[in-house]
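Enquirer: To be precise about what I am sending: the file is called target.txt and holds compact mmCIF, C-alpha atoms.
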# COMPACT_ATOMS: atom_id res chain seq x y z
CA MET A 1 18.85 22.33 39.57
CA ASP A 2 21.55 19.66 39.50
CA THR A 3 20.56 18.41 42.94
CA LEU A 4 16.94 18.25 41.85
CA PHE A 5 17.91 16.10 38.89
CA LEU A 6 20.03 13.91 41.16
CA TYR A 7 17.22 13.36 43.64
CA SER A 8 14.56 12.78 41.00
CA GLY A 9 16.82 10.21 39.37
CA ALA A 10 17.27 8.46 42.69
CA PHE A 11 13.50 8.57 43.32
CA LEU A 12 12.89 7.09 39.89
CA ALA A 13 15.37 4.30 40.58
CA ILE A 14 13.64 3.49 43.87
CA LEU A 15 10.27 3.60 42.10
CA MET A 16 11.42 0.81 39.78
CA PHE A 17 11.20 -1.69 42.63
CA LEU A 18 7.38 -1.57 42.63
CA PRO A 19 6.95 -2.86 39.05
CA LEU A 20 9.83 -5.22 39.78
CA TYR A 21 7.64 -6.87 42.41
CA ARG A 22 4.98 -7.36 39.74
CA ALA A 23 7.58 -8.68 37.31
CA VAL A 24 8.90 -11.25 39.78
CA PHE A 25 5.79 -12.36 41.66
CA GLY A 26 3.08 -11.55 39.08
CA PRO A 27 0.39 -14.21 38.98
CA THR A 28 0.37 -14.59 35.19
CA ILE A 29 2.97 -14.19 32.47
CA LEU A 30 1.27 -11.09 31.11
CA ASP A 31 1.46 -9.42 34.52
CA ARG A 32 5.21 -9.88 34.37
CA LEU A 33 5.17 -8.34 30.91
CA ILE A 34 3.37 -5.25 32.25
CA GLY A 35 6.00 -4.94 34.97
CA VAL A 36 8.84 -5.18 32.47
CA ASN A 37 7.19 -2.57 30.26
CA ALA A 38 6.81 -0.15 33.17
CA ILE A 39 10.43 -0.62 34.19
CA GLY A 40 11.53 0.05 30.62
CA SER A 41 9.59 3.30 30.36
CA LYS A 42 11.14 4.51 33.62
CA THR A 43 14.60 3.54 32.40
CA THR A 44 14.18 5.68 29.29
CA VAL A 45 13.71 8.78 31.45
CA LEU A 46 16.38 7.74 33.92
CA LEU A 47 18.97 7.46 31.13
CA ILE A 48 18.39 11.08 30.09
CA ILE A 49 18.61 12.24 33.70
CA VAL A 50 21.89 10.36 34.12
CA GLY A 51 23.09 12.16 31.01
CA LEU A 52 22.16 15.52 32.54
CA ILE A 53 24.04 14.68 35.74
CA TYR A 54 27.18 13.76 33.77
CA ASN A 55 26.76 16.72 31.36
CA ARG A 56 26.67 14.41 28.38
CA VAL A 57 23.01 14.63 27.30
CA ASP A 58 23.88 14.50 23.61
CA MET A 59 25.30 11.00 24.05
CA PHE A 60 22.77 9.59 26.49
CA VAL A 61 19.76 10.74 24.47
CA ASP A 62 20.75 8.33 21.69
CA ILE A 63 20.93 5.49 24.18
CA ALA A 64 17.51 6.48 25.53
CA LEU A 65 16.03 6.47 22.03
CA ALA A 66 17.48 3.03 21.37
CA TYR A 67 16.14 1.82 24.70
CA ALA A 68 12.64 3.10 23.94
CA LEU A 69 12.72 1.23 20.61
CA LEU A 70 14.02 -1.91 22.27
CA ASN A 71 11.38 -1.78 24.99
CA PHE A 72 8.57 -1.53 22.44
CA ILE A 73 9.93 -4.34 20.27
CA ALA A 74 10.51 -6.58 23.29
CA VAL A 75 6.94 -6.17 24.56
CA LEU A 76 5.50 -6.70 21.09
CA ALA A 77 7.57 -9.83 20.44
CA ALA A 78 6.90 -11.31 23.87
CA SER A 79 3.14 -10.79 23.66
CA ARG A 80 3.09 -12.21 20.12
CA TYR A 81 4.97 -15.23 21.41
CA PHE A 82 2.91 -15.90 24.52
CA GLN A 83 -0.49 -15.64 22.85
CA LYS A 84 0.20 -18.96 21.19
CA LYS A 85 0.60 -20.63 24.57
CA ARG A 86 -2.39 -22.44 25.92
CA GLY A 87 -2.62 -22.67 29.68
CA LEU A 88 -1.27 -19.19 30.19
CA TYR A 89 -3.78 -18.89 32.94
CA ALA A 90 -2.82 -22.14 34.61
CA GLU A 91 -0.66 -20.35 37.14
CA LYS A 92 -2.41 -19.84 40.42
CA ARG A 93 -4.18 -16.53 40.71
CA SER A 94 -3.96 -14.63 43.97
CA ASP A 95 -6.16 -11.60 44.50
CA MET B 1 -3.07 -1.95 13.84
CA LYS B 2 -1.75 -5.13 12.38
CA LYS B 3 -4.28 -5.21 9.60
CA ALA B 4 -3.03 -2.02 7.96
CA LEU B 5 -0.68 -3.77 5.57
CA PRO B 6 -2.94 -6.38 3.93
CA SER B 7 -5.68 -3.95 2.98
CA SER B 8 -3.24 -1.43 1.54
CA ARG B 9 -2.12 -4.31 -0.62
CA ALA B 10 -5.75 -4.89 -1.49
CA ASP B 11 -6.02 -1.32 -2.72
CA LYS B 12 -3.44 -2.05 -5.40
CA PRO B 13 -5.76 -3.32 -8.18
CA THR B 14 -7.55 0.05 -8.38
CA ASP B 15 -4.20 1.72 -9.04
CA SER B 16 -3.54 -0.43 -12.07
CA ASN B 17 -6.61 1.09 -13.77
CA LEU B 18 -4.91 4.48 -13.90
CA SER B 19 -2.95 5.49 -16.97
CA GLN B 20 0.78 4.95 -17.10
CA THR B 21 1.83 8.57 -16.52
CA LYS B 22 -0.49 9.02 -13.58
CA ARG B 23 0.82 5.90 -11.94
CA PHE B 24 4.35 7.15 -12.41
CA ARG B 25 3.51 10.48 -10.78
CA GLN B 26 1.76 8.85 -7.85
CA PHE B 27 4.72 6.57 -7.28
CA ASN B 28 6.91 9.67 -7.30
CA PHE B 29 4.96 11.67 -4.74
CA GLY B 30 4.73 9.02 -2.04
CA THR B 31 8.34 8.03 -2.51
CA LEU B 32 9.58 11.61 -2.55
CA LEU B 33 7.68 12.57 0.58
CA SER B 34 8.88 9.52 2.51
CA PHE B 35 12.41 10.22 1.23
CA PHE B 36 12.34 13.71 2.75
CA ILE B 37 10.93 12.43 6.03
CA LEU B 38 13.59 9.74 6.24
CA PHE B 39 16.34 12.16 5.36
CA GLY B 40 15.21 14.66 8.01
CA LEU B 41 15.21 11.83 10.53
CA TRP B 42 18.74 10.91 9.44
CA VAL B 43 19.99 14.49 9.86
CA VAL B 44 18.46 14.84 13.32
CA LEU B 45 19.74 11.49 14.51
CA SER B 46 23.28 11.68 13.10
CA GLY B 47 23.93 15.32 14.03
CA ARG B 48 26.87 15.69 11.65
CA PHE B 49 26.81 17.98 8.64
CA ASP B 50 29.96 17.14 6.69
CA GLY B 51 29.65 15.89 3.13
CA PHE B 52 30.41 12.25 3.80
CA HIS B 53 27.62 11.70 6.30
CA LEU B 54 25.09 13.66 4.24
CA VAL B 55 25.84 11.59 1.12
CA LEU B 56 25.51 8.38 3.14
CA GLY B 57 22.14 9.63 4.39
CA VAL B 58 20.92 10.46 0.89
CA ILE B 59 21.90 7.02 -0.41
CA SER B 60 20.38 5.02 2.43
CA SER B 61 17.13 6.98 2.67
CA ALA B 62 16.74 6.80 -1.12
CA ILE B 63 17.07 3.02 -0.99
CA VAL B 64 14.51 2.71 1.83
CA ALA B 65 12.12 5.14 0.13
CA LEU B 66 12.32 3.24 -3.16
CA ILE B 67 11.59 -0.07 -1.50
CA SER B 68 8.83 0.94 0.92
CA GLY B 69 7.65 4.35 -0.29
CA ASP B 70 4.11 3.15 -0.99
CA LEU B 71 3.51 1.95 2.55
CA ILE B 72 3.08 5.28 4.32
CA PHE B 73 1.22 7.37 1.75
CA THR B 74 -1.47 5.37 0.04
CA SER B 75 -3.54 8.27 -1.25
CA PRO B 76 -2.63 9.37 -4.79
CA LYS B 77 -3.06 13.15 -4.38
CA ILE B 78 -0.37 15.11 -2.61
CA ARG B 79 -2.79 17.88 -1.66
CA SER B 80 -5.10 15.59 0.26
CA ILE B 81 -2.12 14.07 2.08
CA LEU B 82 -0.93 17.46 3.26
CA MET B 83 -4.41 18.56 4.35
CA LEU B 84 -4.85 15.28 6.22
CA TRP B 85 -1.60 15.79 8.09
CA LEU B 86 -2.53 19.38 8.94
CA ARG B 87 -5.91 18.31 10.32
CA TRP B 88 -4.21 15.49 12.22
CA VAL B 89 -1.81 17.95 13.84
CA GLY B 90 -4.83 20.05 14.81
CA TYR B 91 -6.36 16.98 16.48
CA VAL B 92 -3.30 16.30 18.66
CA PRO B 93 -3.68 19.16 21.26
CA TRP B 94 -7.23 18.06 22.08
CA LEU B 95 -5.92 14.50 22.48
CA VAL B 96 -3.14 15.64 24.82
CA PHE B 97 -5.71 17.48 26.95
CA GLN B 98 -7.85 14.33 27.09
CA VAL B 99 -4.79 12.29 28.07
CA PHE B 100 -4.17 14.69 30.93
CA LEU B 101 -7.78 14.32 32.15
CA ALA B 102 -7.49 10.54 31.85
CA ASN B 103 -4.37 10.52 33.98
CA LEU B 104 -5.99 12.60 36.71
CA GLN B 105 -8.91 10.16 36.82
CA VAL B 106 -6.69 7.07 36.99
CA MET B 107 -4.53 8.77 39.65
CA TYR B 108 -7.66 9.43 41.72
CA LEU B 109 -8.64 5.76 41.44
CA THR B 110 -5.14 4.57 42.24
CA PHE B 111 -4.73 6.51 45.45
CA HIS B 112 -8.31 6.01 46.62
CA PRO B 113 -8.34 3.76 49.71
CA ARG B 114 -11.60 1.99 48.75
CA MET B 115 -10.64 1.52 45.12
CA LEU B 116 -12.24 -1.90 44.73
CA ASP B 117 -15.67 -0.42 45.38
CA LEU B 118 -15.25 2.30 42.80
CA ILE B 119 -14.11 0.26 39.85
CA ASP B 120 -16.36 -2.05 37.88
CA PRO B 121 -14.38 -3.49 34.97
CA HIS B 122 -16.31 -4.84 32.01
CA ILE B 123 -16.00 -5.14 28.24
CA ILE B 124 -18.39 -3.33 25.91
CA GLU B 125 -18.71 -3.65 22.14
CA PHE B 126 -19.91 -1.16 19.56
CA ASP B 127 -19.79 -0.58 15.82
CA SER B 128 -17.76 2.23 14.38
CA ARG B 129 -18.57 4.02 11.14
CA LEU B 130 -14.92 4.76 10.35
CA LYS B 131 -13.75 3.21 7.09
CA SER B 132 -10.04 3.59 6.44
CA ASP B 133 -7.28 1.77 8.30
CA TYR B 134 -5.54 4.93 9.43
CA ALA B 135 -8.77 6.32 10.88
CA ARG B 136 -9.45 3.12 12.80
CA THR B 137 -5.90 2.94 14.08
CA THR B 138 -6.02 6.53 15.28
CA PHE B 139 -9.39 5.93 16.90
CA ALA B 140 -8.21 2.77 18.66
CA ASN B 141 -5.06 4.46 19.95
CA SER B 142 -7.08 7.48 21.12
CA ILE B 143 -9.46 5.21 23.01
CA THR B 144 -6.53 3.57 24.75
CA LEU B 145 -5.09 6.94 25.77
CA THR B 146 -8.31 8.49 27.11
CA PRO B 147 -10.11 7.99 30.42
CA GLY B 148 -10.68 4.52 31.74
CA THR B 149 -10.87 2.66 28.44
CA ILE B 150 -8.59 0.29 26.55
CA THR B 151 -9.23 -1.08 23.08
CA VAL B 152 -9.30 -4.86 23.30
CA ASN B 153 -10.07 -5.75 19.71
CA ALA B 154 -10.88 -4.04 16.42
CA THR B 155 -12.14 -6.15 13.58
CA VAL B 156 -11.99 -5.52 9.83
CA LEU B 157 -15.72 -4.80 9.82
CA GLY B 158 -15.32 -1.92 12.25
CA ARG B 159 -16.46 -3.62 15.45
CA PHE B 160 -14.60 -2.38 18.51
CA ALA B 161 -14.34 -4.15 21.86
CA VAL B 162 -13.36 -1.84 24.70
CA HIS B 163 -12.43 -2.62 28.29
CA CYS B 164 -13.80 0.00 30.69
CA ILE B 165 -12.64 0.56 34.23
CA ASN B 166 -16.03 1.80 35.46
CA THR B 167 -19.52 2.20 34.09
CA LYS B 168 -19.34 5.94 33.55
CA SER B 169 -16.32 5.92 31.25
CA GLY B 170 -17.91 3.38 28.92
CA GLN B 171 -20.99 5.46 28.25
CA ALA B 172 -19.08 8.26 26.54
CA LEU B 173 -18.09 5.98 23.66
CA PRO B 174 -18.11 6.21 20.64
CA GLY B 175 -19.63 9.69 20.67
CA LYS B 176 -17.53 12.80 20.45
CA MET B 177 -14.16 11.22 19.79
CA GLU B 178 -15.41 9.26 16.78
CA ALA B 179 -16.87 12.45 15.32
CA LYS B 180 -13.53 14.22 15.75
CA VAL B 181 -11.58 11.39 14.13
CA ALA B 182 -14.10 11.22 11.29
CA LYS B 183 -13.67 14.94 10.73
CA VAL B 184 -9.90 14.58 10.60
CA PHE B 185 -10.05 11.78 8.06
CA ASN B 186 -12.88 13.38 6.08
CA GLU B 187 -15.39 10.57 6.40
CA MET C 1 12.26 28.58 32.82
CA ASN C 2 13.99 26.67 35.59
CA ILE C 3 10.88 26.79 37.75
CA LEU C 4 8.68 25.52 34.93
CA ALA C 5 11.10 22.66 34.29
CA ALA C 6 11.13 21.78 38.00
CA ILE C 7 7.32 21.77 38.17
CA LEU C 8 7.09 19.53 35.11
CA LEU C 9 9.75 17.22 36.54
CA ILE C 10 7.97 16.80 39.87
CA GLY C 11 4.61 16.34 38.13
CA GLY C 12 6.10 13.59 36.01
CA LEU C 13 7.52 11.92 39.09
CA ILE C 14 4.08 11.97 40.73
CA PHE C 15 2.55 10.38 37.64
CA PHE C 16 5.23 7.69 37.60
CA ALA C 17 4.63 6.99 41.29
CA GLY C 18 0.90 6.69 40.62
CA GLY C 19 1.58 4.27 37.78
CA ALA C 20 3.88 2.11 39.88
CA ILE C 21 1.44 1.95 42.79
CA GLY C 22 -1.47 1.35 40.44
CA ILE C 23 0.28 -1.65 38.92
CA LEU C 24 0.50 -3.11 42.42
CA ARG C 25 -2.97 -2.25 43.64
CA PHE C 26 -5.41 -3.02 40.85
CA PRO C 27 -7.10 -6.39 41.11
CA ASP C 28 -6.50 -8.07 37.76
CA PHE C 29 -4.45 -8.03 34.63
CA TYR C 30 -6.83 -5.98 32.47
CA SER C 31 -7.30 -3.21 35.00
CA ARG C 32 -3.57 -3.11 35.72
CA LEU C 33 -3.05 -2.06 32.12
CA HIS C 34 -4.89 1.20 32.77
CA PRO C 35 -2.24 2.73 35.06
CA ALA C 36 0.57 1.02 33.17
CA GLY C 37 -0.46 2.33 29.79
CA LYS C 38 -1.59 5.84 30.69
CA LEU C 39 0.30 7.11 33.69
CA ASP C 40 3.66 5.99 32.32
CA THR C 41 2.99 7.78 29.04
CA ALA C 42 2.07 10.99 30.83
CA GLY C 43 5.02 10.73 33.20
CA GLN C 44 7.41 10.22 30.33
CA PHE C 45 5.85 13.13 28.43
CA MET C 46 6.17 15.55 31.34
CA MET C 47 9.69 14.56 32.36
CA MET C 48 10.94 14.65 28.77
CA ALA C 49 9.37 18.10 28.36
CA ALA C 50 11.17 19.27 31.51
CA VAL C 51 14.52 17.94 30.31
CA ALA C 52 14.01 19.47 26.85
CA LEU C 53 13.27 22.86 28.43
CA PHE C 54 16.35 22.58 30.60
CA VAL C 55 18.56 21.60 27.68
CA LEU C 56 17.26 24.45 25.52
CA GLN C 57 18.45 27.03 28.04
CA ASP C 58 21.87 27.44 26.46
CA LEU C 59 20.98 28.34 22.91
CA SER C 60 23.41 26.44 20.74
CA TRP C 61 23.01 24.23 17.72
CA GLN C 62 24.02 21.16 19.69
CA SER C 63 21.43 21.66 22.42
CA PHE C 64 18.74 22.33 19.81
CA LEU C 65 19.57 19.00 18.20
CA THR C 66 19.41 17.24 21.57
CA ALA C 67 15.99 18.78 22.29
CA ALA C 68 14.80 17.65 18.87
CA LYS C 69 15.86 14.10 19.70
CA ILE C 70 14.02 14.23 23.01
CA ILE C 71 10.86 15.40 21.23
CA LEU C 72 11.35 12.52 18.80
CA ILE C 73 11.37 10.09 21.74
CA VAL C 74 8.13 11.65 23.05
CA ILE C 75 6.39 11.29 19.67
CA PHE C 76 7.61 7.71 19.42
CA VAL C 77 6.32 6.88 22.90
CA PHE C 78 2.93 8.43 22.14
CA ILE C 79 2.54 6.21 19.08
CA THR C 80 3.95 2.98 20.50
CA SER C 81 2.58 2.95 24.04
CA PRO C 82 -1.05 2.28 23.01
CA THR C 83 0.19 -0.27 20.52
CA ALA C 84 2.14 -2.15 23.18
CA THR C 85 -0.86 -2.00 25.50
CA HIS C 86 -3.07 -3.34 22.75
CA ALA C 87 -0.62 -6.17 22.04
CA ILE C 88 -0.65 -7.27 25.69
CA VAL C 89 -4.47 -7.10 25.85
CA ASP C 90 -4.72 -9.09 22.66
CA ALA C 91 -2.46 -11.80 24.07
CA GLY C 92 -4.63 -11.93 27.19
CA VAL C 93 -7.87 -12.23 25.24
CA ARG C 94 -6.53 -14.97 23.00
CA ALA C 95 -5.25 -16.90 25.99
CA GLY C 96 -8.77 -16.74 27.42
CA LEU C 97 -8.23 -14.66 30.52
CA LYS C 98 -11.49 -13.57 32.08
CA PRO C 99 -11.74 -9.97 33.27
CA TRP C 100 -12.19 -9.37 36.97
CA THR C 101 -15.71 -8.28 37.80
CA LYS C 102 -17.32 -6.91 40.90
CA ALA C 103 -19.27 -10.10 41.52
CA GLU C 104 -16.04 -12.02 42.00
CA ARG C 105 -15.18 -10.02 45.06
CA LEU C 106 -18.17 -11.09 47.12
Let me see the file written as structure tokens.
Expert:
Amino acid sequence: MDTLFLYSGAFLAILMFLPLYRAVFGPTILDRLIGVNAIGSKTTVLLIIVGLIYNRVDMFVDIALAYALLNFIAVLAASRYFQKKRGLYAEKRSD
Amino acid sequence: MKKALPSSRADKPTDSNLSQTKRFRQFNFGTLLSFFILFGLWVVLSGRFDGFHLVLGVISSAIVALISGDLIFTSPKIRSILMLWLRWVGYVPWLVFQVFLANLQVMYLTFHPRMLDLIDPHIIEFDSRLKSDYARTTFANSITLTPGTITVNATVLGRFAVHCINTKSGQALPGKMEAKVAKVFNE
Amino acid sequence: MNILAAILLIGGLIFFAGGAIGILRFPDFYSRLHPAGKLDTAGQFMMMAAVALFVLQDLSWQSFLTAAKIILIVIFVFITSPTATHAIVDAGVRAGLKPWTKAERL
């Protein structure tokens, strides 16, 4: 079971590169925001799995809870901020 | 979601018509219930059961409950609050099942090689007959979690704008889900 | 119990993979929110359930508390994920982004 947790954690870490592409090269600002949100939700799970690997779940679960809160607040604040910006769509769109 | 606070403020003038004792009792119930919820949250999150930490928890959750106790429970009767929460808990398993179906559908679309032919995104609008803020918030969140639809906008008058991923998923709205939410919130 | 936890874990990983690929493949910002908002929620739910089952195997007070915290995270995610999705959509609508339609492809 420990190896399974190790490999699923590694798979999750590799999986983060796909939203990272969207976060770096996304055509609009809100696409980047979606990428950041997806990375955050994967990190929440990854933190608990890291805790299981180190046998310290009771400590890492608090960090994961704080990270979930932080992720939500960050997305909310960023989208509140960017909706005031005109010309959000001025970046070139590539389908 | 963001409009929940102003209209609960707007409900205030009706409370002032009640007699003094009744107002006092209503204030007590909402505050007491939110105090117990906050204190349970404190106990779970701190994980220590010695006297010092428990007293700290009682003090801080009492302060928060006194300041913002009337935000969560707006209804005056404790019985209706409890029944509402029970019905809401009964609604959750159906929602989880719907979420599972939604995920299978989106997974199918994601891994389909000719995905661009299958999807047909568009925005539809419809009127909802739900009245209270909590009912509308639950309905909007349920729409977002279920197959192929995302709530774009919900106005004060009950007009919902929904983004659908294909034509089929838009036709099911408002329909069955609105009836379920209306049953939960007794409307 | 171990087998159930493993099945849930792998199912959650598949959902996460679908979400990550969906964010890359869908054509525009509005339709990208569908995999981002739903598949991530389901993946988190399943993986957290697997971890909670695994933690609950040694029945002690400490592990019960840890499982309760994990369930708290799941409840929190179920409430906030649609809200975050709605906030992003709202920002897009107010900025005047037009949704991608089928006609645009031709």
Enquirer: As a ChimeraX atom specification, could you give me every residue of chain C near chain A (at most 9 Å apart, counting all atoms listed in the file)?
Expert: /C:2,6,9-10,13,16-17,19-21,23-24,27-29,32-33,36-37,40-41,43-44,47-48,51,55,62-63,65-66,69-70,72-73,76-77,80-81,83-85,87-97
Enquirer: Have a look at CA of Pro35 in chain C and CA of Val106 in chain B and let me know their distance in Å, one decimal.
Expert: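 Separating CA of Pro35 in chain C from CA of Val106 in chain B is a distance of 6.5 Å.
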Enquirer: So that I can see what lies close to Leu54 in chain B, please list as a PyMOL selection string the residues with an atom at most 12 Å from it, counting only C-alpha atoms and leaving out residues fewer than 2 positions away in the same chain.
Expert: chain B and resi 39-52+56-61
Enquirer: For the selection you just gave me, I'd like the residues written to a file as a PDB file, in the coordinates of the input, keeping C-alpha atoms.
Expert:
ATOM      1  CA  PHE B  39      16.340  12.160   5.360  1.00  0.00           C
ATOM      2  CA  GLY B  40      15.210  14.660   8.010  1.00  0.00           C
ATOM      3  CA  LEU B  41      15.210  11.830  10.530  1.00  0.00           C
ATOM      4  CA  TRP B  42      18.740  10.910   9.440  1.00  0.00           C
ATOM      5  CA  VAL B  43      19.990  14.490   9.860  1.00  0.00           C
ATOM      6  CA  VAL B  44      18.460  14.840  13.320  1.00  0.00           C
ATOM      7  CA  LEU B  45      19.740  11.490  14.510  1.00  0.00           C
ATOM      8  CA  SER B  46      23.280  11.680  13.100  1.00  0.00           C
ATOM      9  CA  GLY B  47      23.930  15.320  14.030  1.00  0.00           C
ATOM     10  CA  ARG B  48      26.870  15.690  11.650  1.00  0.00           C
ATOM     11  CA  PHE B  49      26.810  17.980   8.640  1.00  0.00           C
ATOM     12  CA  ASP B  50      29.960  17.140   6.690  1.00  0.00           C
ATOM     13  CA  GLY B  51      29.650  15.890   3.130  1.00  0.00           C
ATOM     14  CA  PHE B  52      30.410  12.250   3.800  1.00  0.00           C
ATOM     15  CA  LEU B  56      25.510   8.380   3.140  1.00  0.00           C
ATOM     16  CA  GLY B  57      22.140   9.630   4.390  1.00  0.00           C
ATOM     17  CA  VAL B  58      20.920  10.460   0.890  1.00  0.00           C
ATOM     18  CA  ILE B  59      21.900   7.020  -0.410  1.00  0.00           C
ATOM     19  CA  SER B  60      20.380   5.020   2.430  1.00  0.00           C
ATOM     20  CA  SER B  61      17.130   6.980   2.670  1.00  0.00           C
TER      21      SER B  61
END
Enquirer: Please report as a PDB file with C-alpha atoms, keeping the file's coordinate frame which residues of chain C come no farther than 6 Å from chain B, using all atoms listed in the file.
Expert:
ATOM      1  CA  GLY C  18       0.900   6.690  40.620  1.00  0.00           C
ATOM      2  CA  GLY C  22      -1.470   1.350  40.440  1.00  0.00           C
ATOM      3  CA  LEU C  39       0.300   7.110  33.690  1.00  0.00           C
ATOM      4  CA  PRO C  82      -1.050   2.280  23.010  1.00  0.00           C
ATOM      5  CA  VAL C  89      -4.470  -7.100  25.850  1.00  0.00           C
ATOM      6  CA  THR C 101     -15.710  -8.280  37.800  1.00  0.00           C
ATOM      7  CA  LYS C 102     -17.320  -6.910  40.900  1.00  0.00           C
TER       8      LYS C 102
END
Enquirer: Distance CA of Val89 in chain B-CA of Lys180 in chain B, one decimal place?
Expert: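 Atom-to-atom, CA of Val89 in chain B to CA of Lys180 in chain B, that is 12.4 Å.
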Enquirer: What gap, in Å, lies between CA of Ser128 in chain B and CA of Trp100 in chain C?
Expert: 26.0 Å
Enquirer: In terms of the shortest atom-to-atom distance over all atoms listed in the file, which of B:Arg79, B:Thr31, B:Trp85, B:Trp94 is closest to Val64 in chain B?
Expert: B:Thr31
Enquirer: Just want the 7 Å neighbourhood of Asp127 in chain B, counted on only C-alpha atoms, with same-chain residues fewer than 4 positions away dropped. Output as number ranges by chain.
Expert: B: 158-160
Enquirer: Quick one: residues within 12 Å of Asp58 in chain C, all atoms listed in the file, excluding same-chain residues fewer than 6 positions away - as a ChimeraX atom specification?
Expert: /C:1,52,64,66-67
Enquirer: From the list C:Tyr30, C:Lys38, C:Arg25, C:Met46, which residue is nearest Leu4 in chain C when using all atoms listed in the file?
Expert: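 So, comparing all the options, the nearest one is C:Met46.
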